[in-house]
$ cat coords.cif   # mmCIF, C-alpha atoms
data_query
#
loop_
_atom_site.label_atom_id
_atom_site.label_comp_id
_atom_site.auth_asym_id
_atom_site.auth_seq_id
_atom_site.Cartn_x
_atom_site.Cartn_y
_atom_site.Cartn_z
CA MET A 26 113.98 68.08 76.00
CA LYS A 27 112.71 71.01 74.02
CA LYS A 28 109.79 72.74 75.70
CA VAL A 29 109.98 76.22 74.27
CA TYR A 30 107.94 76.84 71.12
CA ALA A 31 107.81 79.89 68.87
CA ASN A 32 104.10 80.62 69.21
CA ALA A 33 100.77 79.24 70.43
CA ALA A 34 99.89 77.50 67.14
CA GLU A 35 103.19 75.61 67.08
CA ALA A 36 102.92 74.73 70.75
CA LEU A 37 99.49 73.17 70.15
CA ASP A 38 100.50 71.38 66.96
CA GLY A 39 99.38 67.74 67.02
CA LEU A 40 97.60 68.05 70.37
CA LEU A 41 94.12 69.16 69.33
CA PHE A 42 91.29 66.84 68.30
CA ASP A 43 87.50 67.13 68.10
CA GLY A 44 85.61 66.08 71.24
CA MET A 45 88.59 66.50 73.56
CA LEU A 46 88.54 67.58 77.22
CA ILE A 47 90.54 70.73 77.94
CA ALA A 48 91.27 72.12 81.41
CA ALA A 49 91.89 75.85 81.38
CA GLY A 50 93.41 78.04 84.09
CA GLY A 51 92.18 81.48 85.10
CA PHE A 52 89.54 83.11 87.29
CA GLY A 53 87.28 85.50 85.48
CA LEU A 54 89.67 87.12 83.01
CA CYS A 55 92.55 87.02 85.49
CA GLY A 56 95.38 84.68 84.54
CA ILE A 57 93.67 83.15 81.52
CA PRO A 58 95.69 81.56 78.68
CA GLU A 59 94.49 84.11 76.15
CA LEU A 60 97.06 83.27 73.45
CA LEU A 61 96.35 79.54 73.52
CA ILE A 62 92.60 80.15 73.45
CA GLN A 63 93.03 82.27 70.32
CA ALA A 64 95.13 79.52 68.72
CA ILE A 65 92.36 76.97 69.37
CA VAL A 66 89.88 79.40 67.79
CA ASP A 67 92.16 79.62 64.75
CA GLU A 68 92.56 75.82 64.56
CA GLY A 69 88.78 75.33 64.68
CA THR A 70 88.78 72.22 66.90
CA LYS A 71 85.15 71.28 67.64
CA ASP A 72 82.93 69.63 70.28
CA LEU A 73 85.22 70.65 73.11
CA THR A 74 84.48 70.02 76.75
CA VAL A 75 86.18 72.74 78.75
CA ALA A 76 86.77 72.58 82.50
CA SER A 77 87.27 76.17 83.60
CA ASN A 78 85.95 78.10 86.58
CA ASN A 79 84.35 80.69 84.29
CA ALA A 80 83.50 80.97 80.61
CA GLY A 81 85.11 84.31 79.80
CA VAL A 82 83.12 87.32 78.63
CA ASP A 83 81.62 88.09 75.24
CA GLY A 84 84.50 88.43 72.81
CA PHE A 85 87.35 87.64 75.21
CA GLY A 86 88.81 84.59 76.89
CA LEU A 87 86.73 81.43 76.47
CA GLY A 88 83.96 83.67 75.15
CA LYS A 89 85.81 83.52 71.82
CA LEU A 90 85.45 79.74 71.65
CA LEU A 91 81.76 80.06 72.51
CA GLU A 92 81.21 82.56 69.71
CA THR A 93 82.65 80.11 67.18
CA ARG A 94 80.52 77.27 68.67
CA GLN A 95 83.59 75.15 69.31
CA ILE A 96 82.54 74.31 72.87
CA LYS A 97 80.01 71.52 73.43
CA LYS A 98 80.12 71.48 77.20
CA MET A 99 81.42 73.64 80.05
CA MET A 100 82.37 72.43 83.54
CA SER A 101 82.31 75.63 85.61
CA SER A 102 81.26 77.18 88.91
CA TYR A 103 80.10 80.58 87.67
CA VAL A 104 79.14 81.70 84.18
CA GLY A 105 77.26 84.92 84.82
CA GLU A 106 79.32 87.34 82.75
CA ASN A 107 78.67 85.99 79.29
CA ALA A 108 75.51 86.74 77.27
CA GLU A 109 76.44 84.44 74.37
CA PHE A 110 76.95 81.61 76.85
CA MET A 111 73.49 82.16 78.30
CA ARG A 112 71.92 82.36 74.85
CA GLN A 113 73.44 79.04 73.74
CA TYR A 114 72.68 77.40 77.07
CA LEU A 115 69.03 78.47 77.15
CA ALA A 116 68.66 77.39 73.50
CA GLY A 117 69.93 73.92 74.44
CA GLU A 118 73.00 74.26 72.23
CA LEU A 119 75.50 74.07 75.06
CA GLU A 120 75.82 71.62 77.96
CA LEU A 121 76.69 72.94 81.37
CA GLU A 122 77.90 71.01 84.40
CA PHE A 123 77.97 73.23 87.47
CA ASN A 124 80.72 72.38 89.93
CA PRO A 125 81.19 74.15 93.25
CA GLN A 126 84.37 76.16 92.85
CA GLY A 127 86.39 74.22 95.41
CA THR A 128 85.12 70.93 94.04
CA LEU A 129 86.28 71.93 90.55
CA ALA A 130 89.72 72.95 91.84
CA GLU A 131 90.07 69.75 93.86
CA ARG A 132 88.85 67.59 90.97
CA MET A 133 91.68 69.05 88.87
CA ARG A 134 94.26 68.71 91.63
CA ALA A 135 93.14 65.13 92.32
CA GLY A 136 93.29 64.18 88.64
CA GLY A 137 96.81 65.55 88.47
CA ALA A 138 97.78 63.59 91.56
CA GLY A 139 96.39 60.33 90.19
CA ILE A 140 93.42 60.33 92.55
CA PRO A 141 90.26 59.22 90.70
CA GLY A 142 87.82 60.30 93.40
CA PHE A 143 87.49 61.96 96.78
CA TYR A 144 84.77 62.64 99.33
CA THR A 145 83.69 66.13 100.30
CA GLN A 146 81.00 67.79 102.39
CA THR A 147 80.55 70.48 99.75
CA GLY A 148 77.15 70.11 98.09
CA VAL A 149 75.71 67.59 100.56
CA GLY A 150 71.91 67.95 100.64
CA THR A 151 71.89 70.08 97.45
CA GLN A 152 71.14 69.19 93.84
CA ILE A 153 74.90 68.87 93.29
CA ALA A 154 74.69 65.64 95.29
CA ASP A 155 72.05 64.10 93.00
CA GLY A 156 73.21 60.71 91.76
CA LYS A 157 76.47 60.83 93.69
CA GLU A 158 77.60 58.22 96.20
CA VAL A 159 77.17 59.29 99.82
CA LYS A 160 79.45 58.01 102.55
CA ILE A 161 79.42 58.68 106.28
CA PHE A 162 82.68 59.58 108.03
CA ASN A 163 82.57 60.28 111.78
CA GLY A 164 78.80 60.68 111.60
CA LYS A 165 78.85 63.26 108.81
CA GLU A 166 77.72 62.87 105.20
CA TYR A 167 80.16 63.28 102.34
CA ILE A 168 79.68 62.91 98.59
CA LEU A 169 81.99 61.32 96.07
CA GLU A 170 83.49 63.62 93.46
CA GLU A 171 85.72 62.41 90.64
CA GLY A 172 89.14 63.62 89.60
CA ILE A 173 89.43 65.34 86.22
CA PHE A 174 91.88 63.82 83.75
CA ALA A 175 92.08 66.28 80.87
CA ASP A 176 93.44 65.53 77.40
CA LEU A 177 95.08 68.94 77.45
CA ALA A 178 95.69 71.70 79.98
CA ILE A 179 96.12 75.29 78.82
CA VAL A 180 97.47 77.65 81.47
CA LYS A 181 99.13 80.99 81.94
CA ALA A 182 102.00 81.89 84.28
CA TRP A 183 104.07 85.02 84.82
CA LYS A 184 107.54 83.63 84.28
CA ALA A 185 109.01 80.24 83.56
CA ASP A 186 112.47 78.93 82.87
CA THR A 187 113.08 76.90 79.73
CA THR A 188 112.49 73.65 81.68
CA GLY A 189 108.97 74.81 82.59
CA ASN A 190 109.52 75.72 86.24
CA ALA A 191 106.93 78.44 86.67
CA ILE A 192 105.96 81.27 88.95
CA PHE A 193 102.67 83.12 88.95
CA ARG A 194 101.85 86.67 89.90
CA LYS A 195 99.35 87.65 92.63
CA THR A 196 95.80 86.31 92.15
CA ALA A 197 96.54 85.32 88.54
CA ARG A 198 97.72 81.96 89.97
CA ASN A 199 94.16 80.77 90.81
CA PHE A 200 93.20 77.66 88.79
CA ASN A 201 96.40 77.53 86.74
CA PRO A 202 98.41 75.09 88.89
CA PRO A 203 95.60 72.55 89.40
CA ALA A 204 94.57 72.84 85.73
CA ALA A 205 98.19 72.30 84.64
CA MET A 206 98.48 69.24 86.88
CA CYS A 207 95.40 67.47 85.49
CA GLY A 208 96.39 67.62 81.83
CA LYS A 209 97.95 64.62 80.11
CA ILE A 210 99.79 67.34 78.23
CA CYS A 211 100.11 70.89 79.57
CA VAL A 212 100.87 73.89 77.37
CA MET A 213 101.77 77.06 79.22
CA GLU A 214 102.00 80.65 78.05
CA VAL A 215 104.08 83.13 80.03
CA GLU A 216 105.04 86.78 79.92
CA GLU A 217 108.73 85.96 80.14
CA ILE A 218 110.86 82.88 79.59
CA VAL A 219 114.17 82.91 81.46
CA GLU A 220 117.20 80.63 81.55
CA PRO A 221 117.42 77.82 84.13
CA GLY A 222 118.92 79.23 87.31
CA ALA A 223 117.32 82.62 86.89
CA LEU A 224 114.43 81.67 89.17
CA ASP A 225 115.05 80.80 92.82
CA PRO A 226 114.27 77.06 93.14
CA ASP A 227 112.65 77.78 96.50
CA HIS A 228 110.20 80.14 94.84
CA ILE A 229 108.86 77.87 92.08
CA HIS A 230 105.06 77.58 92.28
CA LEU A 231 104.68 74.85 89.65
CA PRO A 232 107.56 72.46 88.93
CA GLY A 233 108.44 71.98 85.27
CA ILE A 234 107.42 68.30 85.36
CA TYR A 235 103.84 69.47 84.85
CA VAL A 236 104.69 71.67 81.87
CA HIS A 237 105.35 70.07 78.48
CA ARG A 238 105.30 72.99 76.09
CA LEU A 239 105.94 76.65 76.67
CA ILE A 240 105.52 79.91 74.84
CA GLN A 241 106.24 83.54 75.59
CA GLY A 242 103.94 86.27 74.33
CA ASP A 243 102.27 89.61 74.86
CA HIS A 244 99.10 89.56 76.90
CA GLU A 245 96.23 92.00 76.83
CA LYS A 246 95.28 91.14 80.45
CA ARG A 247 91.85 92.74 80.26
CA ILE A 248 90.26 93.81 83.57
CA GLU A 249 86.68 92.65 84.08
CA LYS A 250 85.62 95.15 86.76
CA VAL A 251 87.73 98.21 87.48
CA THR A 252 87.05 99.35 91.04
CA THR A 253 89.02 102.19 92.59
CA ARG A 254 88.90 104.67 95.47
CA SER A 255 89.73 108.32 95.17
CA ARG A 256 92.96 109.62 96.64
CA GLU A 257 90.98 112.03 98.82
CA GLU A 258 89.58 109.05 100.77
CA ALA A 259 93.05 108.04 101.88
CA MET B 1 62.59 101.76 112.37
CA ALA B 2 65.10 99.11 111.52
CA TRP B 3 68.76 98.82 110.57
CA ASP B 4 69.95 100.03 107.17
CA ARG B 5 72.62 98.26 105.11
CA ASN B 6 75.49 99.92 106.93
CA GLN B 7 74.01 99.24 110.36
CA MET B 8 73.55 95.58 109.43
CA ALA B 9 77.18 95.46 108.34
CA GLU B 10 78.24 97.17 111.56
CA ARG B 11 76.29 94.63 113.60
CA ALA B 12 77.81 91.77 111.61
CA ALA B 13 81.30 93.15 112.29
CA GLN B 14 80.65 92.59 116.01
CA GLU B 15 80.67 88.85 115.25
CA LEU B 16 84.35 89.01 114.34
CA GLU B 17 87.04 88.48 116.94
CA ASP B 18 90.66 89.51 117.00
CA GLY B 19 92.85 87.16 114.98
CA MET B 20 90.09 85.66 112.83
CA TYR B 21 90.50 84.67 109.18
CA VAL B 22 87.21 85.55 107.50
CA ASN B 23 85.55 85.31 104.10
CA LEU B 24 83.07 88.04 103.16
CA GLY B 25 80.48 87.54 100.42
CA ILE B 26 79.30 90.05 97.85
CA GLY B 27 76.87 92.89 98.74
CA ILE B 28 76.21 93.91 102.34
CA PRO B 29 78.83 91.41 103.64
CA THR B 30 81.52 93.36 101.76
CA LEU B 31 80.61 96.43 103.85
CA VAL B 32 81.49 94.54 107.05
CA ALA B 33 85.17 95.28 106.34
CA ASN B 34 84.45 98.98 107.02
CA TYR B 35 83.47 98.26 110.63
CA VAL B 36 86.13 95.92 112.02
CA GLY B 37 87.81 98.84 113.80
CA ASP B 38 90.97 97.91 115.72
CA LYS B 39 90.35 94.17 115.49
CA ASP B 40 93.06 92.20 113.71
CA ILE B 41 91.02 90.51 110.96
CA THR B 42 92.48 88.83 107.86
CA LEU B 43 90.14 88.68 104.89
CA GLN B 44 90.28 85.71 102.55
CA SER B 45 89.39 86.00 98.89
CA GLU B 46 88.65 82.50 97.61
CA ASN B 47 90.30 83.08 94.23
CA GLY B 48 93.59 82.73 96.10
CA MET B 49 94.49 85.44 98.61
CA LEU B 50 94.71 86.04 102.35
CA GLY B 51 95.03 89.62 103.51
CA MET B 52 92.81 91.46 101.05
CA GLY B 53 93.32 95.23 100.94
CA PRO B 54 91.03 98.06 99.78
CA PHE B 55 90.30 99.11 96.20
CA PRO B 56 93.35 100.64 94.46
CA PHE B 57 93.72 104.34 93.73
CA GLU B 58 92.67 105.28 90.23
CA GLY B 59 95.47 104.37 87.83
CA ASP B 60 96.95 101.75 90.18
CA GLU B 61 94.67 98.88 89.08
CA ASP B 62 96.51 95.60 88.48
CA PRO B 63 94.85 93.01 86.20
CA ASP B 64 96.64 90.28 88.17
CA LEU B 65 95.07 91.37 91.46
CA ILE B 66 91.33 90.90 91.84
CA ASN B 67 88.93 89.60 94.47
CA ALA B 68 86.35 86.83 94.13
CA GLY B 69 83.86 89.40 92.79
CA LYS B 70 86.42 90.11 90.02
CA GLN B 71 86.96 93.66 91.30
CA THR B 72 90.42 95.19 91.33
CA ILE B 73 91.87 95.31 94.87
CA THR B 74 95.21 95.81 96.61
CA GLU B 75 97.49 93.74 98.82
CA LEU B 76 98.62 94.38 102.39
CA ARG B 77 101.95 93.75 104.09
CA ARG B 78 100.60 90.46 105.43
CA THR B 79 99.16 89.23 102.10
CA SER B 80 99.82 85.75 100.78
CA TYR B 81 98.75 84.25 97.44
CA PHE B 82 97.97 80.63 96.59
CA ASP B 83 96.18 78.52 93.99
CA SER B 84 92.46 77.68 93.99
CA ALA B 85 92.93 74.12 95.29
CA THR B 86 94.91 75.43 98.27
CA SER B 87 92.35 78.19 98.78
CA PHE B 88 89.47 75.76 99.02
CA GLY B 89 91.65 73.39 101.01
CA MET B 90 91.75 75.98 103.79
CA ILE B 91 87.99 76.55 103.41
CA ARG B 92 87.10 72.83 103.48
CA GLY B 93 89.70 72.17 106.14
CA GLY B 94 87.87 74.44 108.57
CA LYS B 95 90.72 76.97 108.79
CA ILE B 96 88.51 79.93 107.93
CA ALA B 97 86.78 80.98 111.17
CA ALA B 98 83.70 82.52 109.61
CA ALA B 99 81.92 83.38 106.39
CA ILE B 100 79.48 86.28 106.20
CA LEU B 101 77.14 85.78 103.25
CA GLY B 102 73.97 87.13 101.69
CA ALA B 103 70.95 84.87 101.19
CA MET B 104 67.66 84.56 99.34
CA GLU B 105 66.15 82.26 102.00
CA VAL B 106 67.18 80.79 105.34
CA ALA B 107 65.22 78.09 107.16
CA GLU B 108 64.85 77.39 110.87
CA ASN B 109 66.98 74.25 110.55
CA GLY B 110 69.89 76.28 109.17
CA ASP B 111 69.28 75.45 105.51
CA LEU B 112 70.53 78.18 103.18
CA ALA B 113 69.43 79.06 99.63
CA ASN B 114 71.39 81.75 97.83
CA TRP B 115 72.44 80.50 94.41
CA MET B 116 69.55 79.86 92.08
CA ILE B 117 65.91 80.61 91.31
CA PRO B 118 64.39 77.91 89.08
CA GLY B 119 63.21 79.31 85.77
CA LYS B 120 65.47 82.33 86.06
CA LEU B 121 68.96 82.81 84.72
CA VAL B 122 71.37 80.62 86.65
CA LYS B 123 74.85 82.01 87.03
CA GLY B 124 76.31 79.34 89.28
CA MET B 125 77.20 78.77 92.91
CA GLY B 126 80.80 79.90 92.65
CA GLY B 127 82.44 79.12 95.98
CA ALA B 128 79.32 79.45 98.14
CA MET B 129 78.66 75.72 98.58
CA ASP B 130 82.26 75.10 99.62
CA LEU B 131 82.24 78.01 102.05
CA VAL B 132 79.04 77.08 103.87
CA ALA B 133 80.12 73.44 104.11
CA GLY B 134 83.60 74.19 105.35
CA VAL B 135 84.02 77.31 107.45
CA GLY B 136 83.71 77.40 111.23
CA ARG B 137 80.72 79.67 111.45
CA VAL B 138 78.22 80.83 108.81
CA ILE B 139 76.59 84.21 109.39
CA VAL B 140 73.88 85.34 107.00
CA VAL B 141 73.25 89.05 106.49
CA MET B 142 70.12 89.91 104.50
CA ASP B 143 66.84 91.81 104.50
CA HIS B 144 64.26 90.09 106.66
CA THR B 145 61.60 90.15 103.93
CA ASN B 146 61.60 90.20 100.13
CA LYS B 147 60.33 93.06 97.99
CA HIS B 148 56.78 91.66 98.29
CA GLY B 149 57.03 91.87 102.08
CA GLU B 150 57.22 88.08 102.47
CA SER B 151 59.50 86.56 105.10
CA LYS B 152 62.87 85.24 103.92
CA VAL B 153 63.28 83.50 107.29
CA LEU B 154 61.26 80.35 106.69
CA LYS B 155 60.18 77.03 108.18
CA ALA B 156 61.69 75.37 105.11
CA CYS B 157 63.51 76.77 102.09
CA THR B 158 61.56 76.69 98.82
CA LEU B 159 64.58 77.41 96.57
CA PRO B 160 67.35 74.91 95.73
CA LEU B 161 69.77 74.72 98.66
CA THR B 162 73.32 76.00 98.84
CA GLY B 163 73.87 74.06 102.06
CA LYS B 164 71.88 71.94 104.48
CA GLY B 165 71.84 72.90 108.14
CA VAL B 166 74.80 75.22 107.70
CA VAL B 167 73.69 78.63 109.05
CA ASN B 168 74.60 79.58 112.63
CA ARG B 169 73.36 83.16 112.89
CA ILE B 170 71.06 85.42 110.85
CA ILE B 171 71.45 89.22 110.92
CA THR B 172 68.65 91.13 109.19
CA ASN B 173 67.37 94.69 109.12
CA LEU B 174 65.04 93.68 111.98
CA GLY B 175 67.44 91.91 114.32
CA VAL B 176 69.66 88.93 115.09
CA LEU B 177 68.52 85.31 115.29
CA ASP B 178 70.41 82.12 116.10
CA VAL B 179 69.67 78.68 114.69
CA VAL B 180 69.05 76.45 117.72
CA GLU B 181 67.38 73.13 118.50
CA GLY B 182 63.74 73.35 117.39
CA GLY B 183 63.90 76.68 115.56
CA LEU B 184 65.33 80.17 115.84
CA LYS B 185 66.14 82.12 118.96
CA ILE B 186 65.96 85.91 119.05
CA VAL B 187 69.34 87.27 120.09
CA GLU B 188 68.57 90.93 119.67
CA CYS B 189 66.13 93.33 117.98
CA ALA B 190 67.20 96.17 115.70
CA ASP B 191 66.76 99.76 116.85
CA GLY B 192 63.07 100.56 117.18
CA VAL B 193 62.01 96.97 116.43
CA THR B 194 60.08 95.00 119.07
CA GLU B 195 60.13 91.26 119.58
CA GLU B 196 56.52 91.25 118.36
CA ASP B 197 57.57 93.02 115.11
CA LEU B 198 60.30 90.45 114.60
CA ARG B 199 57.97 87.51 115.22
CA ALA B 200 55.34 88.96 112.88
CA ALA B 201 57.88 89.28 110.06
CA THR B 202 59.24 85.76 110.56
CA GLU B 203 57.66 82.60 109.14
CA ALA B 204 60.13 80.32 110.92
CA THR B 205 59.45 78.89 114.37
CA ILE B 206 60.84 81.13 117.08
CA VAL B 207 61.63 79.27 120.29
#
$ encode --input "coords.cif" --output "structure tokens"
Amino acid sequence: MKKVYANAAEALDGLLFDGMLIAAGGFGLCGIPELLIQAIVDEGTKDLTVASNNAGVDGFGLGKLLETRQIKKMMSSYVGENAEFMRQYLAGELELEFNPQGTLAERMRAGGAGIPGFYTQTGVGTQIADGKEVKIFNGKEYILEEGIFADLAIVKAWKADTTGNAIFRKTARNFNPPAAMCGKICVMEVEEIVEPGALDPDHIHLPGIYVHRLIQGDHEKRIEKVTTRSREEA
Amino acid sequence: MAWDRNQMAERAAQELEDGMYVNLGIGIPTLVANYVGDKDITLQSENGMLGMGPFPFEGDEDPDLINAGKQTITELRRTSYFDSATSFGMIRGGKIAAAILGAMEVAENGDLANWMIPGKLVKGMGGAMDLVAGVGRVIVVMDHTNKHGESKVLKACTLPLTGKGVVNRIITNLGVLDVVEGGLKIVECADGVTEEDLRAATEATIV
């Protein structure tokens, strides 16, 4: 069982094909698989559908795959930070399926858990409910949402051991575990790969069963909005 | 006379009780955190954090630590982190006592519109639909009228909904209204605002 690969291109070798569905971890630019995204840019795979909470910013994160027109459709909850996204969307060159953020996370989690659909109150009475089955439980309306079963998951963690047991850091965890779970194959990039036994088994956030290929690399970890307070305020 | 942004936030903070887990939206709701005083309130950030702290000191920003508005923040001694599915599990599961959110329109039946204006750039609903559907109590904080002086407190929303019948209380620059059977009930008027002023600025039925 060899999970550790030398770099992102090798880790993705044989996994990419035109028209595939990719689930990507990250929230904004926090905890995004930046190395794997770049490798997909380099490979040139086309007509991608990408399930990701956001679409990156111009020139970074998934914004790179938008620039090269490799994405056909996004499944996201919020796409406001990307001018190229808006340009392509308004020009009719890009499909967009809005998902409430929790619905998107649960659709990934459900797909990973083998659950093809679930009912939720989120979106009831809104345009999100259009065309979806409605069911009443205890007198309240719920709508049917479907699990996401992705061809590939690309995620980023802080550390993992060579068997793929992973831990995340602070709010960089976000969509990474549910995205990892819903991929038929999951490729993970981390800041540090350690030997089995180096991580406390009680502290693993994502068990290695969900991780098929693994790379270590240097991350830019760009900050989208720097907000600070002055020391005088303290 | 009426309340300014900070006074609205201060009034909204009175809605919070000791021990509550609360989610604050972007804009005026964010200011509510400045007025909780001695109350033991835990703030949730839906990207995966309970126990959100203030902005970091300059130079201490951590790219792995942001809030749902993508701003750099800090952690507290009580902080916990979790993934997005768990985060919205606690929202949908009714574990979050209250959400304080901004709005474009609120209707007398509790309908809320705050995510899109047809024909204008649509950025997405983010977590707003999950929050209003799931949390214990939804409190809207907004200006009573739009920049054209038209009421944002309506008989029926004209914009696409974020949630249907979800709002419990509305706090505006003019006062506080509750969604009740048959319409809205005036709870209190802002400083220098009369009940007549409030009625005149409100399209919704006041009972």
$ resolve_selection --input "coords.cif" --expression "the PyMOL selection byres ((chain B) within 7 of (chain A))" --output "JSON, numbers by chain"
{"B": [47, 48, 49, 55, 56, 57, 58, 63, 64, 65, 66, 70, 71, 72, 81, 82, 83, 84, 85, 88, 123, 124, 125, 126, 127, 129, 130, 133, 160, 161, 162, 163, 164]}
$ residues_around --input "coords.cif" --residues "Ile41 in chain B" --least-positions-apart "6" --cutoff "7 Å" --atoms "all atoms listed in the file" --output "mmCIF file with C-alpha atoms, in the frame of the given file"
data_model
loop_
_atom_site.group_PDB
_atom_site.id
_atom_site.type_symbol
_atom_site.label_atom_id
_atom_site.label_comp_id
_atom_site.auth_asym_id
_atom_site.auth_seq_id
_atom_site.Cartn_x
_atom_site.Cartn_y
_atom_site.Cartn_z
ATOM 1 C CA ASP B 18 90.660 89.510 117.000
ATOM 2 C CA GLY B 19 92.850 87.160 114.980
ATOM 3 C CA MET B 20 90.090 85.660 112.830
ATOM 4 C CA TYR B 21 90.500 84.670 109.180
#
$ closest_residue --input "coords.cif" --among "A:Gly39, A:Gly69, A:Pro232, A:Gly117" --to "Ala182 in chain A" --atoms "only C-alpha atoms"
A:Pro232
$ closest_residue --input "coords.cif" --among "A:Lys181, A:Lys160, A:Arg238, A:His244" --to "Tyr30 in chain A" --atoms "all atoms listed in the file"
A:Arg238
$ resolve_selection --input "coords.cif" --expression "the PyMOL selection byres ((chain B and resi 197-206) around 10)" --output "PyMOL selection string"
chain B and resi 106-109+144-145+149-156+172-180+182-186+188-190+192-196+207
$ atom_distance --input "coords.cif" --atom1 "CA of Glu118 in chain A" --atom2 "CA of Val75 in chain A"
14.8 Å
$ atom_distance --input "coords.cif" --atom1 "CA of Asn190 in chain A" --atom2 "CA of Pro221 in chain A"
8.4 Å
$ residues_around --input "coords.cif" --residues "range 86-95 of chain A" --least-positions-apart "4" --cutoff "10 Å" --atoms "all atoms listed in the file" --output "PyMOL selection string"
chain A and resi 43-44+49+51+53-55+57-63+65-67+69-75+77+79-82+99+106-110+113+118-119+246-247
$ closest_residue --input "coords.cif" --among "B:Lys95, B:Lys120, B:Leu112, B:Leu131" --to "Gly165 in chain B" --atoms "all atoms listed in the file"
B:Leu112
$ closest_residue --input "coords.cif" --among "B:Ile117, B:Gly134, B:Gly69, B:Asn23" --to "Gly94 in chain B" --atoms "all atoms listed in the file"
B:Gly134
$ atom_distance --input "coords.cif" --atom1 "CA of Met52 in chain B" --atom2 "CA of Asn34 in chain B"
12.7 Å
$ resolve_selection --input "coords.cif" --expression "the PyMOL selection byres ((chain B and resi 142) around 6)" --output "list in words"
Gly102, Val141, Asp143 and Thr172 of chain B
$ axis_aligned_box --input "coords.cif" --around "range 73-91 of chain A" --padding-each-side "5 Å" --output "AutoDock Vina command-line options"
--center_x 85.2 --center_y 79.2 --center_z 79.1 --size_x 17.2 --size_y 28.4 --size_z 24.9
$ residues_around --input "coords.cif" --residues "Phe174 in chain A" --least-positions-apart "2" --cutoff "7 Å" --atoms "only C-alpha atoms" --output "list in words"
Gly136, Gly172, Asp176, Cys207 and Gly208 of chain A
